[in-house]
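Here is the structure we will look at, set down as structure tokens.
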Amino acid sequence: MGREMTNQKPQSEMSYTVEQLVSVNPYNPDILPDLENYVNEQVSSQTYSSNANLCLLRLYQFETERMSTQIVARILIKALMAMPAPDFSLCLFLIPERVQILKMRTEWVLVLWKGRGMTIGMQMEDQFKTLIVLSHYLETARFRQFWDEAAKSRHILEVVPGFEQAIQAYAIHVLSITYQKVPRSVLAEAINIEGLVLDKFIEHHITNSGWSIEKNQNKGQLIIFPHNEFNDPELKKSAADGIPLENITRILPILG
């Protein structure tokens with residue numbers, strides 16, 4: 001029944017049906033085809049459901065012989081696109097170790113991961129290794145290395161529409177919560193855009209995101225981001241001075 005609904009119902013109704021299947025019967029292997037179809041639907045419609053994808057990976061742990069490495073790769077790519085959410089790490093921890101050993105090549109790889117000086121030695125398909133490396137570059141804000149590696153792995157990434165745009169949005173997020181202003185060259189490197197395309201990109205954000213431009217004799221053009229509680233010490237201090245609502249709700253019963 002679930003598969004018929006997935007194939008025939010429109011996107012909004014199908015999404016509800018899949019989420020319902022996950023909430024009602026998350027450990028039923030019969031819903032595996034529905035969840036796999038839903039991953040492909042997320043790719044084609046550029047939508048995302050971490051809940052459904054994590055449920056599928058959990059089921060793969062018990063049904064390792066049914067695991068599709070293509071589907072898992074697509075889930076990991078979608079999780080990368082969701083950064084700064086920790087979805088990629090959550091997904092990676094659910095990939096069955098048995099499958100990594102049985103399906104992978106005999107070549108061993110040491111991957112520096114999570115930016116904590118932690119190394120993982122495991123046998124895994126090249127696409128999984130590549131995605132872990134890309135994740136590490138993003139988490140450590142090494143955007144130049146990320147885009148270089150991504151360029152060599154287009155055959156893995158281009159199957160998921162919107163990947164570059166999602167990573168560019170993440171790069172801007174990182175820059176805007178870290179700096180009040182950055183040189184144009186730093187922005188260009190972070191989002192892998194330059195020339196006239198970059199000019200239009202900046203103009204778009206000046207109009208829609210509150211950016212502005214400052215000319216500097218030494219650093220050339222500077223991109224100025226709106227102040228926020230992360231890149232402005234004064235705003236951060238003001239936010240810290242406030243009393244969190246949850247603390248107030250704990251005090252009120254005592255005062256009463």
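Every chain in the structure tokens has a letter given in the order shown (A, B, ...), and although residue numbers restart at 1 in each chain, ligands are simply numbered from 1 in the order shown.
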
Mind listing the strand (DSSP E or B) residues of stretch 29-225 of chain A, per DSSP on the backbone, as a VMD selection string?
-> chain A and resid 109 to 113 118 to 122 181 to 183 212 to 216 220 to 224

Show which residues sit within 9 Å of A:Glu36, as a CSV table (one decimal) with N, CA and C atoms, in the first residue's frame. Count only C-alpha atoms, and ignore same-chain residues fewer than 2 positions away.
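Output file part.csv is given in full below:
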chain,number,residue,atom,x,y,z
A,31,ILE,N,8.9,-1.1,4.8
A,31,ILE,CA,8.8,0.3,4.3
A,31,ILE,C,10.1,0.7,3.6
A,32,LEU,N,11.1,-0.2,3.5
A,32,LEU,CA,12.3,0.1,2.8
A,32,LEU,C,12.1,0.7,1.4
A,33,PRO,N,11.4,0.1,0.6
A,33,PRO,CA,11.2,0.6,-0.8
A,33,PRO,C,10.6,2.0,-0.8
A,34,ASP,N,9.7,2.3,0.1
A,34,ASP,CA,9.0,3.6,0.2
A,34,ASP,C,10.1,4.6,0.6
A,38,TYR,N,11.6,7.7,-1.6
A,38,TYR,CA,11.5,9.0,-1.0
A,38,TYR,C,12.8,9.8,-1.1
A,39,VAL,N,13.9,9.1,-0.9
A,39,VAL,CA,15.2,9.7,-1.1
A,39,VAL,C,15.4,10.2,-2.5
A,40,ASN,N,15.0,9.4,-3.5
A,40,ASN,CA,15.1,9.9,-4.9
A,40,ASN,C,14.1,11.0,-5.2
A,41,GLU,N,13.0,11.0,-4.5
A,41,GLU,CA,12.0,12.2,-4.6
A,41,GLU,C,12.6,13.4,-4.0
A,53,ASN,N,15.4,9.9,6.2
A,53,ASN,CA,16.7,9.3,5.8
A,53,ASN,C,17.4,8.6,6.9
A,56,LEU,N,15.8,5.2,7.3
A,56,LEU,CA,16.2,4.3,6.3
A,56,LEU,C,17.6,3.7,6.6
A,68,SER,N,21.5,-0.1,-0.5
A,68,SER,CA,21.9,0.5,-1.8
A,68,SER,C,22.9,1.6,-1.6
A,71,ILE,N,21.8,4.9,-2.9
A,71,ILE,CA,20.9,5.6,-2.0
A,71,ILE,C,21.6,6.3,-0.8

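Note that the spacing between atom CA of A:Val174 and atom CA of A:Lys200 amounts to 20.6 Å.
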
Restricting to only C-alpha atoms, whichever of A:Ala188, A:Ile224, A:Cys55, A:Ala73 is closest to A:Gln168 is A:Ala188

Within 12 Å of A:Leu198, counting only C-alpha atoms, which residues show up once you throw out same-chain ones fewer than 3 positions away? Write them as a ChimeraX atom specification, please.
-> /A:168,184-195,201-205,223

Could those selected residues go to a file with all heavy atoms, as a compact mmCIF listing (two decimals), in the first residue's frame?
# COMPACT_ATOMS: atom_id res chain seq x y z
N GLN A 168 27.38 27.03 -0.95
CA GLN A 168 27.64 28.47 -0.96
C GLN A 168 26.90 29.17 0.17
O GLN A 168 27.44 30.06 0.83
CB GLN A 168 27.23 29.05 -2.32
CG GLN A 168 28.18 28.68 -3.45
CD GLN A 168 27.59 28.96 -4.82
OE1 GLN A 168 26.40 29.28 -4.95
NE2 GLN A 168 28.41 28.83 -5.85
N ARG A 184 36.91 40.90 -0.79
CA ARG A 184 36.20 40.26 -1.90
C ARG A 184 36.83 38.92 -2.27
O ARG A 184 36.14 37.96 -2.58
CB ARG A 184 36.20 41.21 -3.10
CG ARG A 184 35.58 40.64 -4.37
CD ARG A 184 35.87 41.55 -5.55
NE ARG A 184 35.51 40.93 -6.81
CZ ARG A 184 34.36 41.17 -7.45
NH1 ARG A 184 33.49 42.00 -6.95
NH2 ARG A 184 34.10 40.57 -8.59
N SER A 185 38.16 38.86 -2.22
CA SER A 185 38.87 37.64 -2.60
C SER A 185 38.55 36.48 -1.66
O SER A 185 38.49 35.32 -2.08
CB SER A 185 40.38 37.88 -2.61
OG SER A 185 40.84 38.30 -1.33
N VAL A 186 38.35 36.79 -0.38
CA VAL A 186 38.00 35.74 0.59
C VAL A 186 36.61 35.19 0.30
O VAL A 186 36.38 33.98 0.32
CB VAL A 186 38.07 36.30 2.03
CG1 VAL A 186 37.51 35.28 3.03
CG2 VAL A 186 39.51 36.66 2.39
N LEU A 187 35.68 36.08 0.00
CA LEU A 187 34.33 35.65 -0.36
C LEU A 187 34.37 34.81 -1.63
O LEU A 187 33.72 33.76 -1.71
CB LEU A 187 33.43 36.86 -0.56
CG LEU A 187 32.01 36.56 -1.06
CD1 LEU A 187 31.23 35.78 -0.01
CD2 LEU A 187 31.28 37.85 -1.43
N ALA A 188 35.13 35.26 -2.63
CA ALA A 188 35.21 34.55 -3.90
C ALA A 188 35.73 33.13 -3.70
O ALA A 188 35.20 32.17 -4.30
CB ALA A 188 36.13 35.31 -4.87
N GLU A 189 36.72 32.97 -2.85
CA GLU A 189 37.28 31.65 -2.59
C GLU A 189 36.29 30.77 -1.84
O GLU A 189 36.17 29.57 -2.13
CB GLU A 189 38.57 31.78 -1.78
CG GLU A 189 39.24 30.45 -1.47
CD GLU A 189 40.56 30.63 -0.75
OE1 GLU A 189 41.56 30.93 -1.43
OE2 GLU A 189 40.58 30.49 0.49
N ALA A 190 35.57 31.35 -0.90
CA ALA A 190 34.65 30.57 -0.07
C ALA A 190 33.48 30.03 -0.88
O ALA A 190 33.01 28.91 -0.62
CB ALA A 190 34.14 31.41 1.09
N ILE A 191 32.99 30.80 -1.85
CA ILE A 191 31.82 30.36 -2.60
C ILE A 191 32.16 29.91 -4.01
O ILE A 191 31.28 29.52 -4.78
CB ILE A 191 30.75 31.46 -2.66
CG1 ILE A 191 31.28 32.70 -3.37
CG2 ILE A 191 30.28 31.82 -1.25
CD1 ILE A 191 30.24 33.81 -3.54
N ASN A 192 33.45 29.96 -4.36
CA ASN A 192 33.92 29.45 -5.65
C ASN A 192 33.28 30.18 -6.84
O ASN A 192 32.88 29.58 -7.82
CB ASN A 192 33.65 27.95 -5.76
CG ASN A 192 34.50 27.28 -6.83
OD1 ASN A 192 35.66 27.63 -7.01
ND2 ASN A 192 33.92 26.32 -7.54
N ILE A 193 33.20 31.50 -6.70
CA ILE A 193 32.66 32.34 -7.78
C ILE A 193 33.57 33.55 -7.95
O ILE A 193 34.13 34.06 -6.97
CB ILE A 193 31.23 32.84 -7.44
CG1 ILE A 193 30.26 31.66 -7.33
CG2 ILE A 193 30.73 33.80 -8.51
CD1 ILE A 193 28.85 32.08 -6.94
N GLU A 194 33.74 34.00 -9.17
CA GLU A 194 34.54 35.20 -9.39
C GLU A 194 34.05 35.94 -10.63
O GLU A 194 33.11 35.50 -11.30
CB GLU A 194 36.02 34.83 -9.55
CG GLU A 194 36.30 33.81 -10.63
CD GLU A 194 37.74 33.34 -10.66
OE1 GLU A 194 38.45 33.54 -9.66
OE2 GLU A 194 38.15 32.80 -11.71
N GLY A 195 34.66 37.10 -10.89
CA GLY A 195 34.34 37.87 -12.09
C GLY A 195 32.95 38.47 -12.05
O GLY A 195 32.43 38.85 -11.01
N PHE A 201 26.29 38.29 -7.87
CA PHE A 201 26.00 37.62 -6.61
C PHE A 201 26.01 38.63 -5.47
O PHE A 201 25.10 38.64 -4.62
CB PHE A 201 27.05 36.53 -6.37
CG PHE A 201 26.78 35.66 -5.19
CD1 PHE A 201 26.04 34.50 -5.31
CD2 PHE A 201 27.28 35.99 -3.93
CE1 PHE A 201 25.79 33.68 -4.21
CE2 PHE A 201 27.03 35.19 -2.83
CZ PHE A 201 26.29 34.03 -2.97
N ILE A 202 27.03 39.48 -5.45
CA ILE A 202 27.13 40.49 -4.40
C ILE A 202 25.99 41.49 -4.49
O ILE A 202 25.39 41.88 -3.49
CB ILE A 202 28.50 41.21 -4.48
CG1 ILE A 202 29.64 40.22 -4.15
CG2 ILE A 202 28.55 42.40 -3.54
CD1 ILE A 202 31.02 40.78 -4.37
N GLU A 203 25.67 41.92 -5.71
CA GLU A 203 24.56 42.87 -5.90
C GLU A 203 23.25 42.28 -5.38
O GLU A 203 22.44 42.99 -4.76
CB GLU A 203 24.43 43.20 -7.39
CG GLU A 203 25.55 44.09 -7.93
CD GLU A 203 25.45 44.29 -9.43
OE1 GLU A 203 24.43 43.84 -10.01
OE2 GLU A 203 26.37 44.88 -10.02
N HIS A 204 23.05 41.00 -5.62
CA HIS A 204 21.83 40.34 -5.14
C HIS A 204 21.75 40.40 -3.62
O HIS A 204 20.69 40.69 -3.05
CB HIS A 204 21.82 38.89 -5.62
CG HIS A 204 20.71 38.07 -5.02
ND1 HIS A 204 19.41 38.11 -5.49
CD2 HIS A 204 20.71 37.19 -3.98
CE1 HIS A 204 18.66 37.30 -4.76
NE2 HIS A 204 19.41 36.73 -3.84
N HIS A 205 22.87 40.14 -2.95
CA HIS A 205 22.86 40.13 -1.49
C HIS A 205 22.84 41.54 -0.90
O HIS A 205 22.36 41.72 0.22
CB HIS A 205 24.07 39.33 -0.97
CG HIS A 205 23.86 37.85 -1.02
ND1 HIS A 205 23.16 37.16 -0.05
CD2 HIS A 205 24.23 36.93 -1.95
CE1 HIS A 205 23.12 35.88 -0.36
NE2 HIS A 205 23.76 35.71 -1.50
N ILE A 223 33.60 43.31 1.67
CA ILE A 223 32.19 42.98 1.78
C ILE A 223 31.80 43.08 3.25
O ILE A 223 32.41 42.43 4.11
CB ILE A 223 31.90 41.56 1.26
CG1 ILE A 223 32.52 41.35 -0.12
CG2 ILE A 223 30.40 41.29 1.26
CD1 ILE A 223 32.05 42.32 -1.16

Would you give me, as a PDB file with C-alpha atoms, in the first residue's frame, the residues in stretch 16-217 of chain A that DSSP reads as helix (DSSP H, G or I)?
ATOM      1  CA  TYR A  16       2.941  13.162   4.694  1.00  0.00           C
ATOM      2  CA  THR A  17       2.494   9.463   3.936  1.00  0.00           C
ATOM      3  CA  VAL A  18       6.199   8.666   4.233  1.00  0.00           C
ATOM      4  CA  GLU A  19       6.564  10.626   7.459  1.00  0.00           C
ATOM      5  CA  GLN A  20       3.523   8.793   8.788  1.00  0.00           C
ATOM      6  CA  LEU A  21       5.082   5.436   7.926  1.00  0.00           C
ATOM      7  CA  VAL A  22       8.251   6.449   9.751  1.00  0.00           C
ATOM      8  CA  SER A  23       6.436   7.570  12.889  1.00  0.00           C
ATOM      9  CA  VAL A  24       4.074   4.598  13.076  1.00  0.00           C
ATOM     10  CA  PRO A  29      11.604  -3.543   6.769  1.00  0.00           C
ATOM     11  CA  ASP A  30       8.556  -3.503   4.487  1.00  0.00           C
ATOM     12  CA  ILE A  31       8.803   0.288   4.274  1.00  0.00           C
ATOM     13  CA  LEU A  32      12.340   0.144   2.847  1.00  0.00           C
ATOM     14  CA  PRO A  33      11.205   0.622  -0.792  1.00  0.00           C
ATOM     15  CA  ASP A  34       9.047   3.587   0.224  1.00  0.00           C
ATOM     16  CA  LEU A  35      11.947   5.246   1.998  1.00  0.00           C
ATOM     17  CA  GLU A  36      14.323   4.605  -0.906  1.00  0.00           C
ATOM     18  CA  ASN A  37      11.810   6.091  -3.342  1.00  0.00           C
ATOM     19  CA  TYR A  38      11.473   9.040  -1.023  1.00  0.00           C
ATOM     20  CA  VAL A  39      15.249   9.687  -1.112  1.00  0.00           C
ATOM     21  CA  ASN A  40      15.065   9.869  -4.912  1.00  0.00           C
ATOM     22  CA  GLU A  41      12.023  12.151  -4.622  1.00  0.00           C
ATOM     23  CA  GLN A  42      13.973  14.466  -2.303  1.00  0.00           C
ATOM     24  CA  VAL A  43      16.745  14.641  -4.904  1.00  0.00           C
ATOM     25  CA  SER A  44      14.443  15.417  -7.816  1.00  0.00           C
ATOM     26  CA  SER A  45      12.250  17.893  -5.927  1.00  0.00           C
ATOM     27  CA  SER A  50      16.467  13.988   7.778  1.00  0.00           C
ATOM     28  CA  ASN A  51      13.963  11.991   9.820  1.00  0.00           C
ATOM     29  CA  ALA A  52      13.034   9.682   6.930  1.00  0.00           C
ATOM     30  CA  ASN A  53      16.654   9.316   5.800  1.00  0.00           C
ATOM     31  CA  LEU A  54      17.899   8.399   9.264  1.00  0.00           C
ATOM     32  CA  CYS A  55      15.096   5.862   9.547  1.00  0.00           C
ATOM     33  CA  LEU A  56      16.221   4.268   6.273  1.00  0.00           C
ATOM     34  CA  LEU A  57      19.826   4.041   7.453  1.00  0.00           C
ATOM     35  CA  ARG A  58      18.688   2.409  10.700  1.00  0.00           C
ATOM     36  CA  LEU A  59      16.756  -0.183   8.718  1.00  0.00           C
ATOM     37  CA  TYR A  60      19.831  -0.853   6.572  1.00  0.00           C
ATOM     38  CA  GLN A  61      21.672  -1.818   9.754  1.00  0.00           C
ATOM     39  CA  PHE A  62      19.282  -4.759  10.133  1.00  0.00           C
ATOM     40  CA  THR A  64      22.480  -5.006   5.232  1.00  0.00           C
ATOM     41  CA  GLU A  65      22.027  -7.217   2.178  1.00  0.00           C
ATOM     42  CA  ARG A  66      19.361  -4.808   0.904  1.00  0.00           C
ATOM     43  CA  THR A  69      25.189   2.324  -1.814  1.00  0.00           C
ATOM     44  CA  GLN A  70      23.727   4.731  -4.376  1.00  0.00           C
ATOM     45  CA  ILE A  71      20.894   5.647  -2.011  1.00  0.00           C
ATOM     46  CA  VAL A  72      23.288   6.000   0.937  1.00  0.00           C
ATOM     47  CA  ALA A  73      25.543   8.299  -1.096  1.00  0.00           C
ATOM     48  CA  ARG A  74      22.562  10.485  -1.969  1.00  0.00           C
ATOM     49  CA  ILE A  75      21.535  10.639   1.686  1.00  0.00           C
ATOM     50  CA  LEU A  76      25.057  11.716   2.674  1.00  0.00           C
ATOM     51  CA  ILE A  77      25.146  14.396  -0.028  1.00  0.00           C
ATOM     52  CA  LYS A  78      21.782  15.769   1.116  1.00  0.00           C
ATOM     53  CA  ALA A  79      23.100  15.758   4.693  1.00  0.00           C
ATOM     54  CA  LEU A  80      26.151  17.776   3.608  1.00  0.00           C
ATOM     55  CA  MET A  81      23.797  20.272   2.008  1.00  0.00           C
ATOM     56  CA  ASP A  87      23.022  15.442   9.946  1.00  0.00           C
ATOM     57  CA  PHE A  88      26.101  14.151   8.113  1.00  0.00           C
ATOM     58  CA  SER A  89      27.679  12.825  11.311  1.00  0.00           C
ATOM     59  CA  LEU A  90      24.403  11.231  12.378  1.00  0.00           C
ATOM     60  CA  CYS A  91      24.058   9.510   9.016  1.00  0.00           C
ATOM     61  CA  LEU A  92      27.644   8.327   8.899  1.00  0.00           C
ATOM     62  CA  PHE A  93      27.364   6.656  12.294  1.00  0.00           C
ATOM     63  CA  LEU A  94      24.417   4.618  10.990  1.00  0.00           C
ATOM     64  CA  GLU A  97      30.045  -1.539   9.547  1.00  0.00           C
ATOM     65  CA  ARG A  98      29.466  -4.977   8.118  1.00  0.00           C
ATOM     66  CA  VAL A  99      28.596  -3.481   4.755  1.00  0.00           C
ATOM     67  CA  GLN A 100      31.671  -1.273   4.860  1.00  0.00           C
ATOM     68  CA  ILE A 101      33.797  -4.391   5.313  1.00  0.00           C
ATOM     69  CA  LEU A 102      32.033  -6.695   2.858  1.00  0.00           C
ATOM     70  CA  LYS A 103      31.364  -4.279   0.008  1.00  0.00           C
ATOM     71  CA  ASP A 126      35.577   5.871  -2.900  1.00  0.00           C
ATOM     72  CA  GLN A 127      32.379   7.919  -2.897  1.00  0.00           C
ATOM     73  CA  PHE A 128      32.000   7.543   0.875  1.00  0.00           C
ATOM     74  CA  LYS A 129      35.636   8.430   1.440  1.00  0.00           C
ATOM     75  CA  THR A 130      35.241  11.498  -0.752  1.00  0.00           C
ATOM     76  CA  LEU A 131      32.146  12.680   1.112  1.00  0.00           C
ATOM     77  CA  ILE A 132      33.888  12.310   4.482  1.00  0.00           C
ATOM     78  CA  VAL A 133      36.807  14.384   3.238  1.00  0.00           C
ATOM     79  CA  LEU A 134      34.414  17.030   1.913  1.00  0.00           C
ATOM     80  CA  SER A 135      32.644  17.070   5.275  1.00  0.00           C
ATOM     81  CA  HIS A 136      35.949  17.640   7.066  1.00  0.00           C
ATOM     82  CA  TYR A 137      36.847  20.555   4.791  1.00  0.00           C
ATOM     83  CA  LEU A 138      33.460  22.184   5.390  1.00  0.00           C
ATOM     84  CA  GLU A 139      33.542  21.739   9.153  1.00  0.00           C
ATOM     85  CA  PHE A 143      36.616  26.101   1.421  1.00  0.00           C
ATOM     86  CA  ARG A 144      39.366  26.254  -1.193  1.00  0.00           C
ATOM     87  CA  GLN A 145      40.270  22.611  -0.525  1.00  0.00           C
ATOM     88  CA  PHE A 146      36.595  21.726  -0.511  1.00  0.00           C
ATOM     89  CA  TRP A 147      35.916  23.162  -3.945  1.00  0.00           C
ATOM     90  CA  ASP A 148      39.085  21.588  -5.366  1.00  0.00           C
ATOM     91  CA  GLU A 149      38.010  18.169  -4.101  1.00  0.00           C
ATOM     92  CA  ALA A 150      34.417  18.711  -5.247  1.00  0.00           C
ATOM     93  CA  ALA A 151      35.655  19.553  -8.765  1.00  0.00           C
ATOM     94  CA  LYS A 152      37.387  16.164  -8.907  1.00  0.00           C
ATOM     95  CA  ARG A 154      31.558  15.915  -9.939  1.00  0.00           C
ATOM     96  CA  HIS A 155      30.438  12.429 -10.983  1.00  0.00           C
ATOM     97  CA  ILE A 156      29.396  11.820  -7.359  1.00  0.00           C
ATOM     98  CA  LEU A 157      27.888  15.212  -6.553  1.00  0.00           C
ATOM     99  CA  PHE A 163      24.476  21.047  -4.155  1.00  0.00           C
ATOM    100  CA  GLU A 164      26.695  24.019  -5.028  1.00  0.00           C
ATOM    101  CA  GLN A 165      24.081  26.559  -3.986  1.00  0.00           C
ATOM    102  CA  ALA A 166      23.580  24.847  -0.620  1.00  0.00           C
ATOM    103  CA  ILE A 167      27.321  24.836   0.093  1.00  0.00           C
ATOM    104  CA  GLN A 168      27.643  28.468  -0.963  1.00  0.00           C
ATOM    105  CA  ALA A 169      24.879  29.343   1.513  1.00  0.00           C
ATOM    106  CA  TYR A 170      26.763  27.454   4.233  1.00  0.00           C
ATOM    107  CA  ALA A 171      30.020  29.242   3.386  1.00  0.00           C
ATOM    108  CA  ILE A 172      28.275  32.623   3.629  1.00  0.00           C
ATOM    109  CA  HIS A 173      26.770  31.560   6.946  1.00  0.00           C
ATOM    110  CA  VAL A 174      30.228  30.737   8.316  1.00  0.00           C
ATOM    111  CA  LEU A 175      31.754  34.013   7.092  1.00  0.00           C
ATOM    112  CA  SER A 176      28.873  36.157   8.344  1.00  0.00           C
ATOM    113  CA  ILE A 177      28.923  34.756  11.891  1.00  0.00           C
ATOM    114  CA  THR A 178      32.717  35.014  12.062  1.00  0.00           C
ATOM    115  CA  ARG A 184      36.195  40.261  -1.897  1.00  0.00           C
ATOM    116  CA  SER A 185      38.870  37.637  -2.600  1.00  0.00           C
ATOM    117  CA  VAL A 186      38.002  35.740   0.594  1.00  0.00           C
ATOM    118  CA  LEU A 187      34.334  35.646  -0.363  1.00  0.00           C
ATOM    119  CA  ALA A 188      35.213  34.555  -3.901  1.00  0.00           C
ATOM    120  CA  GLU A 189      37.281  31.652  -2.587  1.00  0.00           C
ATOM    121  CA  ALA A 190      34.646  30.569  -0.071  1.00  0.00           C
ATOM    122  CA  ILE A 191      31.816  30.361  -2.599  1.00  0.00           C
ATOM    123  CA  GLY A 195      34.340  37.866 -12.091  1.00  0.00           C
ATOM    124  CA  LEU A 196      31.007  39.153 -13.355  1.00  0.00           C
ATOM    125  CA  VAL A 197      29.139  36.256 -11.752  1.00  0.00           C
ATOM    126  CA  LEU A 198      30.499  37.329  -8.371  1.00  0.00           C
ATOM    127  CA  ASP A 199      29.501  40.935  -9.071  1.00  0.00           C
ATOM    128  CA  LYS A 200      25.893  39.871  -9.670  1.00  0.00           C
ATOM    129  CA  PHE A 201      25.999  37.620  -6.609  1.00  0.00           C
ATOM    130  CA  ILE A 202      27.135  40.494  -4.396  1.00  0.00           C
ATOM    131  CA  GLU A 203      24.560  42.865  -5.905  1.00  0.00           C
ATOM    132  CA  HIS A 204      21.832  40.336  -5.141  1.00  0.00           C
ATOM    133  CA  HIS A 205      22.865  40.127  -1.488  1.00  0.00           C
ATOM    134  CA  ILE A 206      23.205  43.904  -1.187  1.00  0.00           C
ATOM    135  CA  THR A 207      19.571  44.134  -2.251  1.00  0.00           C
ATOM    136  CA  ASN A 208      18.218  41.150  -0.337  1.00  0.00           C
TER     137      ASN A 208
END

Using atom CA of A:Trp211 and atom CA of A:Pro233 as the two end points, give the distance in Å to one decimal.
->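 Between atom CA of A:Trp211 and atom CA of A:Pro233 the gap is 18.9 Å.
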